[in-house]
$ cat structure-v1.cif   # mmCIF, C-alpha atoms and all ligand atoms
data_structure
loop_
_atom_site.group_PDB
_atom_site.id
_atom_site.type_symbol
_atom_site.label_atom_id
_atom_site.label_comp_id
_atom_site.auth_asym_id
_atom_site.auth_seq_id
_atom_site.Cartn_x
_atom_site.Cartn_y
_atom_site.Cartn_z
ATOM 1 C CA MET O 1 52.991 -30.464 37.572
ATOM 2 C CA ARG O 2 52.075 -34.041 38.357
ATOM 3 C CA ARG O 3 49.538 -34.411 41.088
ATOM 4 C CA PRO O 4 50.846 -36.671 43.796
ATOM 5 C CA ASP O 5 48.719 -39.723 44.213
ATOM 6 C CA PRO O 6 49.820 -41.325 47.463
ATOM 7 C CA THR O 7 48.439 -44.713 46.528
ATOM 8 C CA ALA O 8 49.599 -44.839 42.912
ATOM 9 C CA SER O 9 52.669 -46.843 43.724
ATOM 10 C CA LEU O 10 51.026 -49.611 45.734
ATOM 11 C CA ALA O 11 50.507 -51.959 42.803
ATOM 12 C CA HIS O 12 54.058 -51.421 41.699
ATOM 13 C CA ILE O 13 55.403 -52.323 45.105
ATOM 14 C CA LYS O 14 53.206 -55.406 45.345
ATOM 15 C CA HIS O 15 54.670 -56.709 42.126
ATOM 16 C CA GLN O 16 58.214 -56.408 43.264
ATOM 17 C CA LYS O 17 59.852 -59.721 43.939
ATOM 18 C CA SER O 18 59.724 -60.773 47.537
ATOM 19 C CA ASN O 19 62.775 -62.974 47.361
ATOM 20 C CA ILE O 20 65.392 -60.246 47.535
ATOM 21 C CA LYS O 21 68.017 -61.514 49.946
ATOM 22 C CA HIS O 22 70.482 -59.301 51.723
ATOM 23 C CA GLN O 23 73.156 -61.958 51.392
ATOM 24 C CA THR O 24 72.964 -61.790 47.635
ATOM 25 C CA SER O 25 72.669 -58.054 47.146
ATOM 26 C CA LYS O 26 75.182 -56.928 44.568
ATOM 27 C CA ILE O 27 76.467 -53.551 45.563
ATOM 28 C CA LYS O 28 78.487 -52.079 42.717
ATOM 29 C CA HIS O 29 79.556 -48.968 44.573
ATOM 30 C CA PRO O 30 80.784 -48.854 48.125
ATOM 31 C CA LEU O 31 78.073 -47.860 50.553
ATOM 32 C CA GLU O 32 78.791 -44.877 52.734
ATOM 33 C CA ILE O 33 76.603 -43.785 55.630
ATOM 34 C CA ILE O 34 76.657 -40.376 57.285
ATOM 35 C CA LEU O 35 75.030 -40.002 60.683
ATOM 36 C CA THR O 36 73.520 -36.572 59.990
ATOM 37 C CA GLY O 37 71.891 -36.437 63.428
ATOM 38 C CA THR O 38 72.429 -38.513 66.561
ATOM 39 C CA GLY O 39 70.312 -36.760 69.194
ATOM 40 C CA THR O 40 67.062 -37.780 70.808
ATOM 41 C CA SER O 41 63.838 -35.873 70.146
ATOM 42 C CA GLN O 42 64.800 -32.626 71.918
ATOM 43 C CA GLY O 43 68.295 -32.555 70.431
ATOM 44 C CA VAL O 44 71.437 -31.764 72.415
ATOM 45 C CA PRO O 45 71.951 -29.211 73.888
ATOM 46 C CA VAL O 46 68.449 -29.089 75.305
ATOM 47 C CA ILE O 47 66.899 -25.612 75.450
ATOM 48 C CA GLY O 48 67.401 -24.150 78.917
ATOM 49 C CA CYS O 49 69.629 -26.970 80.218
ATOM 50 C CA ASP O 50 72.983 -26.151 81.790
ATOM 51 C CA CYS O 51 74.188 -29.724 82.441
ATOM 52 C CA GLU O 52 77.782 -30.642 81.611
ATOM 53 C CA VAL O 53 76.757 -32.215 78.306
ATOM 54 C CA CYS O 54 74.594 -29.320 77.149
ATOM 55 C CA THR O 55 77.350 -26.833 78.012
ATOM 56 C CA SER O 56 80.187 -28.974 76.627
ATOM 57 C CA THR O 57 82.379 -27.336 73.996
ATOM 58 C CA ASP O 58 83.057 -30.707 72.339
ATOM 59 C CA GLU O 59 81.337 -30.689 68.926
ATOM 60 C CA ARG O 60 80.479 -34.363 69.448
ATOM 61 C CA ASP O 61 78.180 -33.303 72.303
ATOM 62 C CA LYS O 62 76.030 -31.230 69.934
ATOM 63 C CA ARG O 63 73.408 -33.478 68.424
ATOM 64 C CA LEU O 64 70.781 -32.747 65.802
ATOM 65 C CA ARG O 65 67.756 -35.017 65.769
ATOM 66 C CA THR O 66 68.495 -38.590 64.666
ATOM 67 C CA ALA O 67 68.708 -39.216 60.923
ATOM 68 C CA ALA O 68 71.151 -40.670 58.426
ATOM 69 C CA LEU O 69 72.189 -40.319 54.818
ATOM 70 C CA ILE O 70 73.111 -43.241 52.568
ATOM 71 C CA ARG O 71 75.539 -42.482 49.746
ATOM 72 C CA PHE O 72 75.920 -45.000 46.988
ATOM 73 C CA GLY O 73 77.625 -43.888 43.767
ATOM 74 C CA ASP O 74 75.789 -40.695 42.848
ATOM 75 C CA LYS O 75 72.673 -41.794 44.749
ATOM 76 C CA ARG O 76 71.573 -40.239 48.029
ATOM 77 C CA ILE O 77 68.930 -41.714 50.325
ATOM 78 C CA ALA O 78 67.833 -40.138 53.597
ATOM 79 C CA ILE O 79 66.653 -42.212 56.528
ATOM 80 C CA ASP O 80 63.993 -40.049 58.232
ATOM 81 C CA CYS O 81 63.608 -36.302 57.899
ATOM 82 C CA GLY O 82 63.058 -34.685 61.249
ATOM 83 C CA PRO O 83 63.102 -31.053 62.358
ATOM 84 C CA ASP O 84 66.782 -30.616 61.449
ATOM 85 C CA PHE O 85 66.504 -32.062 57.930
ATOM 86 C CA ARG O 86 67.319 -28.780 56.161
ATOM 87 C CA GLN O 87 70.416 -28.193 58.227
ATOM 88 C CA GLN O 88 71.504 -31.816 57.773
ATOM 89 C CA MET O 89 71.222 -31.605 53.991
ATOM 90 C CA LEU O 90 73.234 -28.365 54.005
ATOM 91 C CA ARG O 91 75.900 -29.694 56.370
ATOM 92 C CA SER O 92 76.379 -32.894 54.383
ATOM 93 C CA ARG O 93 76.390 -30.872 51.132
ATOM 94 C CA THR O 94 73.605 -33.015 49.754
ATOM 95 C CA CYS O 95 72.534 -31.416 46.469
ATOM 96 C CA THR O 96 70.342 -34.214 45.151
ATOM 97 C CA LEU O 97 68.192 -36.709 47.012
ATOM 98 C CA ASP O 98 66.736 -39.871 45.481
ATOM 99 C CA ALA O 99 64.429 -41.097 48.256
ATOM 100 C CA ILE O 100 63.517 -40.974 51.914
ATOM 101 C CA LEU O 101 63.004 -44.070 54.065
ATOM 102 C CA PHE O 102 60.902 -43.550 57.187
ATOM 103 C CA THR O 103 61.387 -45.603 60.332
ATOM 104 C CA HIS O 104 58.207 -44.368 62.068
ATOM 105 C CA GLU O 105 55.956 -41.356 62.376
ATOM 106 C CA HIS O 106 57.200 -39.651 65.544
ATOM 107 C CA ASN O 107 57.682 -35.944 65.080
ATOM 108 C CA ASP O 108 61.460 -36.054 65.373
ATOM 109 C CA HIS O 109 61.570 -38.378 62.339
ATOM 110 C CA ILE O 110 59.093 -36.782 59.915
ATOM 111 C CA ILE O 111 58.470 -33.116 60.557
ATOM 112 C CA GLY O 112 61.115 -31.786 58.146
ATOM 113 C CA LEU O 113 59.274 -33.158 55.108
ATOM 114 C CA ASP O 114 58.398 -29.660 53.850
ATOM 115 C CA ASP O 115 62.089 -29.103 53.160
ATOM 116 C CA VAL O 116 62.146 -31.568 50.273
ATOM 117 C CA ARG O 117 61.034 -28.625 48.102
ATOM 118 C CA PRO O 118 64.526 -27.628 46.933
ATOM 119 C CA PHE O 119 65.025 -31.209 45.721
ATOM 120 C CA ASN O 120 61.624 -31.119 43.998
ATOM 121 C CA PHE O 121 62.361 -27.834 42.258
ATOM 122 C CA GLN O 122 65.771 -28.967 41.148
ATOM 123 C CA ALA O 123 64.748 -32.371 39.759
ATOM 124 C CA TRP O 124 61.126 -31.368 39.051
ATOM 125 C CA THR O 125 59.871 -34.683 40.208
ATOM 126 C CA ASP O 126 58.166 -36.149 43.264
ATOM 127 C CA MET O 127 60.316 -37.255 46.188
ATOM 128 C CA PRO O 128 59.795 -41.010 46.665
ATOM 129 C CA ALA O 129 59.080 -41.770 50.327
ATOM 130 C CA TYR O 130 59.045 -45.336 51.628
ATOM 131 C CA CYS O 131 57.073 -46.135 54.769
ATOM 132 C CA THR O 132 54.444 -48.421 56.229
ATOM 133 C CA ALA O 133 50.716 -47.856 55.664
ATOM 134 C CA ARG O 134 50.423 -46.634 59.255
ATOM 135 C CA VAL O 135 53.155 -44.038 58.822
ATOM 136 C CA GLN O 136 51.445 -42.913 55.617
ATOM 137 C CA GLN O 137 48.207 -42.265 57.485
ATOM 138 C CA SER O 138 50.101 -39.995 59.821
ATOM 139 C CA LEU O 139 51.847 -38.161 56.954
ATOM 140 C CA LEU O 140 48.515 -37.672 55.150
ATOM 141 C CA ARG O 141 47.007 -36.125 58.288
ATOM 142 C CA ARG O 142 49.924 -33.958 59.249
ATOM 143 C CA PHE O 143 50.902 -32.821 55.773
ATOM 144 C CA ASP O 144 47.458 -32.579 54.211
ATOM 145 C CA TYR O 145 48.607 -29.676 52.022
ATOM 146 C CA ILE O 146 51.244 -31.941 50.435
ATOM 147 C CA PHE O 147 48.875 -34.740 49.560
ATOM 148 C CA THR O 148 45.678 -32.851 48.769
ATOM 149 C CA THR O 149 44.470 -33.073 45.198
ATOM 150 C CA GLN O 150 42.124 -30.091 45.498
ATOM 151 C CA GLY O 151 43.270 -26.513 45.544
ATOM 152 C CA ARG O 152 46.888 -27.552 45.793
ATOM 153 C CA TYR O 153 49.229 -24.653 46.451
ATOM 154 C CA PRO O 154 51.709 -24.337 43.582
ATOM 155 C CA GLY O 155 55.099 -24.836 45.166
ATOM 156 C CA ALA O 156 53.914 -27.259 47.845
ATOM 157 C CA PRO O 157 56.249 -30.227 48.343
ATOM 158 C CA MET O 158 55.809 -33.126 45.923
ATOM 159 C CA VAL O 159 56.022 -36.510 47.613
ATOM 160 C CA ARG O 160 55.110 -39.932 46.298
ATOM 161 C CA LEU O 161 54.403 -42.561 48.923
ATOM 162 C CA HIS O 162 55.544 -46.168 48.518
ATOM 163 C CA THR O 163 54.143 -48.746 50.920
ATOM 164 C CA ILE O 164 56.601 -51.053 52.600
ATOM 165 C CA SER O 165 56.199 -53.705 55.271
ATOM 166 C CA LYS O 166 58.432 -55.894 57.379
ATOM 167 C CA GLY O 167 57.972 -58.994 55.227
ATOM 168 C CA GLN O 168 58.673 -57.335 51.916
ATOM 169 C CA PRO O 169 62.185 -56.447 50.794
ATOM 170 C CA PHE O 170 62.218 -53.614 48.274
ATOM 171 C CA GLU O 171 64.551 -51.820 45.949
ATOM 172 C CA VAL O 172 65.324 -48.122 46.006
ATOM 173 C CA ALA O 173 67.774 -46.282 43.759
ATOM 174 C CA GLY O 174 69.329 -49.643 42.846
ATOM 175 C CA LEU O 175 69.780 -50.779 46.441
ATOM 176 C CA LYS O 176 68.107 -53.826 47.900
ATOM 177 C CA VAL O 177 66.600 -52.991 51.260
ATOM 178 C CA GLN O 178 65.425 -55.517 53.828
ATOM 179 C CA PRO O 179 63.014 -53.977 56.366
ATOM 180 C CA VAL O 180 63.479 -55.203 59.928
ATOM 181 C CA GLU O 181 60.681 -54.681 62.426
ATOM 182 C CA ALA O 182 61.247 -53.863 66.078
ATOM 183 C CA LEU O 183 59.070 -52.494 68.862
ATOM 184 C CA HIS O 184 59.345 -48.903 70.134
ATOM 185 C CA GLY O 185 57.429 -49.560 73.345
ATOM 186 C CA ARG O 186 54.287 -50.987 71.760
ATOM 187 C CA MET O 187 54.708 -49.249 68.400
ATOM 188 C CA PRO O 188 56.182 -51.319 65.558
ATOM 189 C CA VAL O 189 58.951 -49.401 63.774
ATOM 190 C CA LEU O 190 61.105 -50.373 60.825
ATOM 191 C CA GLY O 191 64.846 -50.607 60.631
ATOM 192 C CA PHE O 192 66.664 -51.264 57.368
ATOM 193 C CA ARG O 193 69.325 -53.702 56.285
ATOM 194 C CA ILE O 194 71.280 -52.977 53.116
ATOM 195 C CA GLY O 195 73.981 -55.531 52.372
ATOM 196 C CA ASP O 196 75.973 -55.912 55.559
ATOM 197 C CA PHE O 197 74.879 -52.567 56.970
ATOM 198 C CA ALA O 198 71.825 -52.186 59.223
ATOM 199 C CA TYR O 199 70.149 -49.177 60.843
ATOM 200 C CA LEU O 200 67.736 -49.487 63.753
ATOM 201 C CA THR O 201 66.562 -46.538 65.795
ATOM 202 C CA ASP O 202 63.852 -45.943 68.394
ATOM 203 C CA ILE O 203 63.600 -49.553 69.436
ATOM 204 C CA ARG O 204 63.111 -51.274 72.770
ATOM 205 C CA THR O 205 62.595 -54.927 71.820
ATOM 206 C CA ILE O 206 62.990 -57.081 68.747
ATOM 207 C CA ALA O 207 61.453 -60.477 67.994
ATOM 208 C CA SER O 208 63.789 -63.383 67.368
ATOM 209 C CA GLU O 209 62.653 -63.851 63.759
ATOM 210 C CA GLU O 210 63.490 -60.203 63.030
ATOM 211 C CA MET O 211 66.841 -60.632 64.790
ATOM 212 C CA GLU O 212 67.583 -63.367 62.266
ATOM 213 C CA LYS O 213 67.475 -60.750 59.497
ATOM 214 C CA LEU O 214 70.385 -59.005 61.197
ATOM 215 C CA ARG O 215 72.687 -62.022 61.359
ATOM 216 C CA GLY O 216 76.069 -61.305 59.814
ATOM 217 C CA VAL O 217 75.795 -57.498 59.729
ATOM 218 C CA ARG O 218 79.222 -55.886 59.778
ATOM 219 C CA HIS O 219 78.143 -52.300 60.403
ATOM 220 C CA LEU O 220 75.243 -51.717 62.771
ATOM 221 C CA VAL O 221 73.698 -48.383 63.759
ATOM 222 C CA LEU O 222 71.559 -48.835 66.856
ATOM 223 C CA SER O 223 69.788 -46.404 69.168
ATOM 224 C CA ALA O 224 70.693 -46.112 72.847
ATOM 225 C CA LEU O 225 68.944 -43.331 74.733
ATOM 226 C CA HIS O 226 70.823 -43.017 78.015
ATOM 227 C CA GLN O 227 71.948 -45.145 80.944
ATOM 228 C CA ARG O 228 68.609 -45.498 82.694
ATOM 229 C CA GLU O 229 65.596 -47.692 81.940
ATOM 230 C CA HIS O 230 63.077 -46.321 79.410
ATOM 231 C CA HIS O 231 59.730 -47.757 78.302
ATOM 232 C CA SER O 232 60.276 -47.340 74.565
ATOM 233 C CA HIS O 233 64.028 -47.071 74.006
ATOM 234 C CA LEU O 234 67.003 -49.328 74.625
ATOM 235 C CA ASN O 235 69.261 -47.910 77.276
ATOM 236 C CA LEU O 236 73.022 -48.188 76.938
ATOM 237 C CA GLN O 237 73.383 -51.590 78.597
ATOM 238 C CA GLN O 238 70.497 -53.098 76.645
ATOM 239 C CA ALA O 239 71.974 -51.794 73.397
ATOM 240 C CA LEU O 240 75.361 -53.282 74.299
ATOM 241 C CA ASN O 241 73.700 -56.635 75.026
ATOM 242 C CA LEU O 242 72.037 -56.633 71.635
ATOM 243 C CA ILE O 243 75.308 -55.687 69.956
ATOM 244 C CA ALA O 244 77.070 -58.534 71.781
ATOM 245 C CA GLN O 245 74.472 -60.963 70.396
ATOM 246 C CA LEU O 246 74.911 -59.770 66.818
ATOM 247 C CA ALA O 247 78.672 -59.244 67.050
ATOM 248 C CA PRO O 248 79.077 -56.749 64.190
ATOM 249 C CA GLU O 249 82.552 -55.559 63.232
ATOM 250 C CA GLN O 250 81.537 -52.126 64.433
ATOM 251 C CA ALA O 251 78.379 -50.749 66.015
ATOM 252 C CA TYR O 252 77.462 -47.059 66.250
ATOM 253 C CA LEU O 253 75.061 -45.714 68.853
ATOM 254 C CA THR O 254 72.555 -43.003 67.969
ATOM 255 C CA HIS O 255 69.395 -41.221 69.274
ATOM 256 C CA ILE O 256 71.341 -40.105 72.307
ATOM 257 C CA SER O 257 70.021 -38.001 75.177
ATOM 258 C CA HIS O 258 72.035 -35.401 77.103
ATOM 259 C CA ARG O 259 71.586 -37.782 80.042
ATOM 260 C CA MET O 260 73.919 -40.289 78.384
ATOM 261 C CA GLY O 261 76.933 -38.254 79.479
ATOM 262 C CA ARG O 262 79.742 -36.485 77.662
ATOM 263 C CA HIS O 263 80.978 -38.137 74.496
ATOM 264 C CA ASP O 264 84.614 -38.520 75.568
ATOM 265 C CA GLU O 265 83.704 -40.011 78.951
ATOM 266 C CA VAL O 266 81.107 -42.468 77.653
ATOM 267 C CA GLN O 267 83.236 -43.563 74.690
ATOM 268 C CA ARG O 268 86.088 -44.525 77.033
ATOM 269 C CA GLU O 269 83.854 -47.113 78.747
ATOM 270 C CA LEU O 270 82.577 -48.785 75.586
ATOM 271 C CA PRO O 271 83.804 -52.058 74.050
ATOM 272 C CA GLU O 272 86.256 -51.654 71.183
ATOM 273 C CA ASN O 273 83.680 -52.437 68.505
ATOM 274 C CA VAL O 274 81.177 -49.849 69.765
ATOM 275 C CA THR O 275 81.345 -46.174 68.834
ATOM 276 C CA LEU O 276 79.191 -43.560 70.481
ATOM 277 C CA GLY O 277 77.814 -41.852 67.382
ATOM 278 C CA TYR O 278 78.153 -38.145 66.736
ATOM 279 C CA ASP O 279 76.853 -35.844 64.042
ATOM 280 C CA GLY O 280 78.782 -36.134 60.808
ATOM 281 C CA LEU O 281 80.235 -39.576 61.602
ATOM 282 C CA ARG O 282 80.980 -41.370 58.344
ATOM 283 C CA ILE O 283 80.708 -45.144 58.058
ATOM 284 C CA ASP O 284 82.539 -46.732 55.163
ATOM 285 C CA CYS O 285 80.826 -50.032 54.350
ATOM 286 C CA SER O 286 83.127 -51.091 51.521
HETATM 287 ZN ZN ZN K 301 63.011 -40.538 67.852
HETATM 288 ZN ZN ZN K 302 71.514 -31.062 79.450
HETATM 289 ZN ZN ZN K 303 60.198 -42.457 68.228
#
$ encode --input "structure-v1.cif" --output "structure tokens"
Amino acid sequence: MRRPDPTASLAHIKHQKSNIKHQTSKIKHPLEIILTGTGTSQGVPVIGCDCEVCTSTDERDKRLRTAALIRFGDKRIAIDCGPDFRQQMLRSRTCTLDAILFTHEHNDHIIGLDDVRPFNFQAWTDMPAYCTARVQQSLLRRFDYIFTTQGRYPGAPMVRLHTISKGQPFEVAGLKVQPVEALHGRMPVLGFRIGDFAYLTDIRTIASEEMEKLRGVRHLVLSALHQREHHSHLNLQQALNLIAQLAPEQAYLTHISHRMGRHDEVQRELPENVTLGYDGLRIDCS
């Protein structure tokens, strides 16, 4: 078994060309996105809550923790792997996985990493994981048994870390990915643009130069927590304002709290080009 060396890939990444432009990305296969989870960190329903959303019988009001799956030909790329990762891979019938992109290190976006093992055992190779140096520090601390080189437990997950940063487009499984930085309160997080699709979750503000990277997106996934003000998340109105600025063909809201309201009621109030996301929603980017 290869020993994972979390830093082995740094040189490789540094040598990748920095002039990859989203406008020129040549996507041979249509890109398909599945919103495998659309709930905020506690998920919906919330344990012990008897509000009208948590007791709703509408399947769209049942939200696993926020994550997405990119399908591209026979390639599969996960964005984040939170506590519901296993269930999300089963539900979406994902039998192979080529990489994971991490937005940031909050628990609801990383803690399912142990469940990459079935993919490891099947392909007998490390799972490539793309994240910033800061996110890596968190993964190394919290999953020391994955990254240790001494006394490694046979059967522990095999993960290879690739360092990414906001200024450095990269390529994964044949797809050109443009990282887009935004602020989650004071914490910088990464979103990703692939062709004319972009995914941004857990954001509150975004600098104008990063907004520029999103110009011309046709399909935008954006987080919107609930209706009220929050220190580290866009609320519904703020998300709608940002969508109005970017004017995508269609925007999809994710990372939704039970306080947002019931899916059918909230959806009715939204502009035509905005969909309140729900688990299993499929976005066809062809
Ligand atoms: Zn989150
Ligand atoms: Zn509730
Ligand atoms: Zn977060």
$ closest_atom_pairs --input "structure-v1.cif" --of "chain O" --to "ligand ZN 302 (chain K)" --cutoff "12 Å" --atoms "all atoms listed in the file" --output "tab-separated table"
residue	atom	partner	partner_atom	distance
O:Gly39	CA	K:ZN302	ZN	11.8
O:Thr40	CA	K:ZN302	ZN	11.8
O:Gln42	CA	K:ZN302	ZN	10.2
O:Gly43	CA	K:ZN302	ZN	9.7
O:Val44	CA	K:ZN302	ZN	7.1
O:Pro45	CA	K:ZN302	ZN	5.9
O:Val46	CA	K:ZN302	ZN	5.5
O:Ile47	CA	K:ZN302	ZN	8.2
O:Gly48	CA	K:ZN302	ZN	8.1
O:Cys49	CA	K:ZN302	ZN	4.6
O:Asp50	CA	K:ZN302	ZN	5.6
O:Cys51	CA	K:ZN302	ZN	4.2
O:Glu52	CA	K:ZN302	ZN	6.6
O:Val53	CA	K:ZN302	ZN	5.5
O:Cys54	CA	K:ZN302	ZN	4.2
O:Thr55	CA	K:ZN302	ZN	7.3
O:Ser56	CA	K:ZN302	ZN	9.4
O:Asp61	CA	K:ZN302	ZN	10.0
O:Lys62	CA	K:ZN302	ZN	10.5
O:Arg63	CA	K:ZN302	ZN	11.4
O:Ile256	CA	K:ZN302	ZN	11.5
O:Ser257	CA	K:ZN302	ZN	8.3
O:His258	CA	K:ZN302	ZN	5.0
O:Arg259	CA	K:ZN302	ZN	6.7
O:Met260	CA	K:ZN302	ZN	9.6
O:Gly261	CA	K:ZN302	ZN	9.0
O:Arg262	CA	K:ZN302	ZN	10.0
$ write_last_selection --input "structure-v1.cif" --atoms "C-alpha atoms" --output "PDB file, in the frame of the given file"
ATOM      1  CA  GLY O  39      70.312 -36.760  69.194  1.00  0.00           C
ATOM      2  CA  THR O  40      67.062 -37.780  70.808  1.00  0.00           C
ATOM      3  CA  GLN O  42      64.800 -32.626  71.918  1.00  0.00           C
ATOM      4  CA  GLY O  43      68.295 -32.555  70.431  1.00  0.00           C
ATOM      5  CA  VAL O  44      71.437 -31.764  72.415  1.00  0.00           C
ATOM      6  CA  PRO O  45      71.951 -29.211  73.888  1.00  0.00           C
ATOM      7  CA  VAL O  46      68.449 -29.089  75.305  1.00  0.00           C
ATOM      8  CA  ILE O  47      66.899 -25.612  75.450  1.00  0.00           C
ATOM      9  CA  GLY O  48      67.401 -24.150  78.917  1.00  0.00           C
ATOM     10  CA  CYS O  49      69.629 -26.970  80.218  1.00  0.00           C
ATOM     11  CA  ASP O  50      72.983 -26.151  81.790  1.00  0.00           C
ATOM     12  CA  CYS O  51      74.188 -29.724  82.441  1.00  0.00           C
ATOM     13  CA  GLU O  52      77.782 -30.642  81.611  1.00  0.00           C
ATOM     14  CA  VAL O  53      76.757 -32.215  78.306  1.00  0.00           C
ATOM     15  CA  CYS O  54      74.594 -29.320  77.149  1.00  0.00           C
ATOM     16  CA  THR O  55      77.350 -26.833  78.012  1.00  0.00           C
ATOM     17  CA  SER O  56      80.187 -28.974  76.627  1.00  0.00           C
ATOM     18  CA  ASP O  61      78.180 -33.303  72.303  1.00  0.00           C
ATOM     19  CA  LYS O  62      76.030 -31.230  69.934  1.00  0.00           C
ATOM     20  CA  ARG O  63      73.408 -33.478  68.424  1.00  0.00           C
ATOM     21  CA  ILE O 256      71.341 -40.105  72.307  1.00  0.00           C
ATOM     22  CA  SER O 257      70.021 -38.001  75.177  1.00  0.00           C
ATOM     23  CA  HIS O 258      72.035 -35.401  77.103  1.00  0.00           C
ATOM     24  CA  ARG O 259      71.586 -37.782  80.042  1.00  0.00           C
ATOM     25  CA  MET O 260      73.919 -40.289  78.384  1.00  0.00           C
ATOM     26  CA  GLY O 261      76.933 -38.254  79.479  1.00  0.00           C
ATOM     27  CA  ARG O 262      79.742 -36.485  77.662  1.00  0.00           C
TER      28      ARG O 262
END
$ residues_near_ligand --input "structure-v1.cif" --ligand "ligand ZN 301 (chain K)" --cutoff "10 Å" --atoms "only C-alpha atoms and all ligand atoms" --output "number ranges by chain"
O: 38-43, 65-67, 80, 82, 103-110, 184, 201-203, 223, 225, 232-233, 254-256
$ write_last_selection --input "structure-v1.cif" --atoms "C-alpha atoms" --output "PDB file, in the coordinates of the input"
ATOM      1  CA  THR O  38      72.429 -38.513  66.561  1.00  0.00           C
ATOM      2  CA  GLY O  39      70.312 -36.760  69.194  1.00  0.00           C
ATOM      3  CA  THR O  40      67.062 -37.780  70.808  1.00  0.00           C
ATOM      4  CA  SER O  41      63.838 -35.873  70.146  1.00  0.00           C
ATOM      5  CA  GLN O  42      64.800 -32.626  71.918  1.00  0.00           C
ATOM      6  CA  GLY O  43      68.295 -32.555  70.431  1.00  0.00           C
ATOM      7  CA  ARG O  65      67.756 -35.017  65.769  1.00  0.00           C
ATOM      8  CA  THR O  66      68.495 -38.590  64.666  1.00  0.00           C
ATOM      9  CA  ALA O  67      68.708 -39.216  60.923  1.00  0.00           C
ATOM     10  CA  ASP O  80      63.993 -40.049  58.232  1.00  0.00           C
ATOM     11  CA  GLY O  82      63.058 -34.685  61.249  1.00  0.00           C
ATOM     12  CA  THR O 103      61.387 -45.603  60.332  1.00  0.00           C
ATOM     13  CA  HIS O 104      58.207 -44.368  62.068  1.00  0.00           C
ATOM     14  CA  GLU O 105      55.956 -41.356  62.376  1.00  0.00           C
ATOM     15  CA  HIS O 106      57.200 -39.651  65.544  1.00  0.00           C
ATOM     16  CA  ASN O 107      57.682 -35.944  65.080  1.00  0.00           C
ATOM     17  CA  ASP O 108      61.460 -36.054  65.373  1.00  0.00           C
ATOM     18  CA  HIS O 109      61.570 -38.378  62.339  1.00  0.00           C
ATOM     19  CA  ILE O 110      59.093 -36.782  59.915  1.00  0.00           C
ATOM     20  CA  HIS O 184      59.345 -48.903  70.134  1.00  0.00           C
ATOM     21  CA  THR O 201      66.562 -46.538  65.795  1.00  0.00           C
ATOM     22  CA  ASP O 202      63.852 -45.943  68.394  1.00  0.00           C
ATOM     23  CA  ILE O 203      63.600 -49.553  69.436  1.00  0.00           C
ATOM     24  CA  SER O 223      69.788 -46.404  69.168  1.00  0.00           C
ATOM     25  CA  LEU O 225      68.944 -43.331  74.733  1.00  0.00           C
ATOM     26  CA  SER O 232      60.276 -47.340  74.565  1.00  0.00           C
ATOM     27  CA  HIS O 233      64.028 -47.071  74.006  1.00  0.00           C
ATOM     28  CA  THR O 254      72.555 -43.003  67.969  1.00  0.00           C
ATOM     29  CA  HIS O 255      69.395 -41.221  69.274  1.00  0.00           C
ATOM     30  CA  ILE O 256      71.341 -40.105  72.307  1.00  0.00           C
TER      31      ILE O 256
END
$ atom_distance --input "structure-v1.cif" --atom1 "CA of Thr96 in chain O" --atom2 "atom ZN of ligand ZN 303 (chain K)"
26.5 Å
$ atom_distance --input "structure-v1.cif" --atom1 "CA of Ala182 in chain O" --atom2 "CA of Lys213 in chain O"
11.4 Å
$ closest_residue --input "structure-v1.cif" --among "O:Asn235, O:Gln88, O:Thr132, O:Thr205" --to "Leu190 in chain O" --atoms "only C-alpha atoms"
O:Thr132
$ residues_near_point --input "structure-v1.cif" --point "(74.0, -51.5, 59.2)" --cutoff "12 Å" --atoms "all atoms listed in the file" --output "CSV table (one decimal) with C-alpha atoms, in the frame of the given file"
chain,number,residue,atom,x,y,z
O,22,HIS,CA,70.5,-59.3,51.7
O,31,LEU,CA,78.1,-47.9,50.6
O,32,GLU,CA,78.8,-44.9,52.7
O,33,ILE,CA,76.6,-43.8,55.6
O,34,ILE,CA,76.7,-40.4,57.3
O,35,LEU,CA,75.0,-40.0,60.7
O,68,ALA,CA,71.2,-40.7,58.4
O,70,ILE,CA,73.1,-43.2,52.6
O,177,VAL,CA,66.6,-53.0,51.3
O,178,GLN,CA,65.4,-55.5,53.8
O,179,PRO,CA,63.0,-54.0,56.4
O,180,VAL,CA,63.5,-55.2,59.9
O,191,GLY,CA,64.8,-50.6,60.6
O,192,PHE,CA,66.7,-51.3,57.4
O,193,ARG,CA,69.3,-53.7,56.3
O,194,ILE,CA,71.3,-53.0,53.1
O,195,GLY,CA,74.0,-55.5,52.4
O,196,ASP,CA,76.0,-55.9,55.6
O,197,PHE,CA,74.9,-52.6,57.0
O,198,ALA,CA,71.8,-52.2,59.2
O,199,TYR,CA,70.1,-49.2,60.8
O,200,LEU,CA,67.7,-49.5,63.8
O,201,THR,CA,66.6,-46.5,65.8
O,213,LYS,CA,67.5,-60.8,59.5
O,214,LEU,CA,70.4,-59.0,61.2
O,215,ARG,CA,72.7,-62.0,61.4
O,216,GLY,CA,76.1,-61.3,59.8
O,217,VAL,CA,75.8,-57.5,59.7
O,218,ARG,CA,79.2,-55.9,59.8
O,219,HIS,CA,78.1,-52.3,60.4
O,220,LEU,CA,75.2,-51.7,62.8
O,221,VAL,CA,73.7,-48.4,63.8
O,222,LEU,CA,71.6,-48.8,66.9
O,223,SER,CA,69.8,-46.4,69.2
O,243,ILE,CA,75.3,-55.7,70.0
O,246,LEU,CA,74.9,-59.8,66.8
O,247,ALA,CA,78.7,-59.2,67.0
O,248,PRO,CA,79.1,-56.7,64.2
O,249,GLU,CA,82.6,-55.6,63.2
O,250,GLN,CA,81.5,-52.1,64.4
O,251,ALA,CA,78.4,-50.7,66.0
O,252,TYR,CA,77.5,-47.1,66.2
O,253,LEU,CA,75.1,-45.7,68.9
O,283,ILE,CA,80.7,-45.1,58.1
O,284,ASP,CA,82.5,-46.7,55.2
O,285,CYS,CA,80.8,-50.0,54.4
O,286,SER,CA,83.1,-51.1,51.5
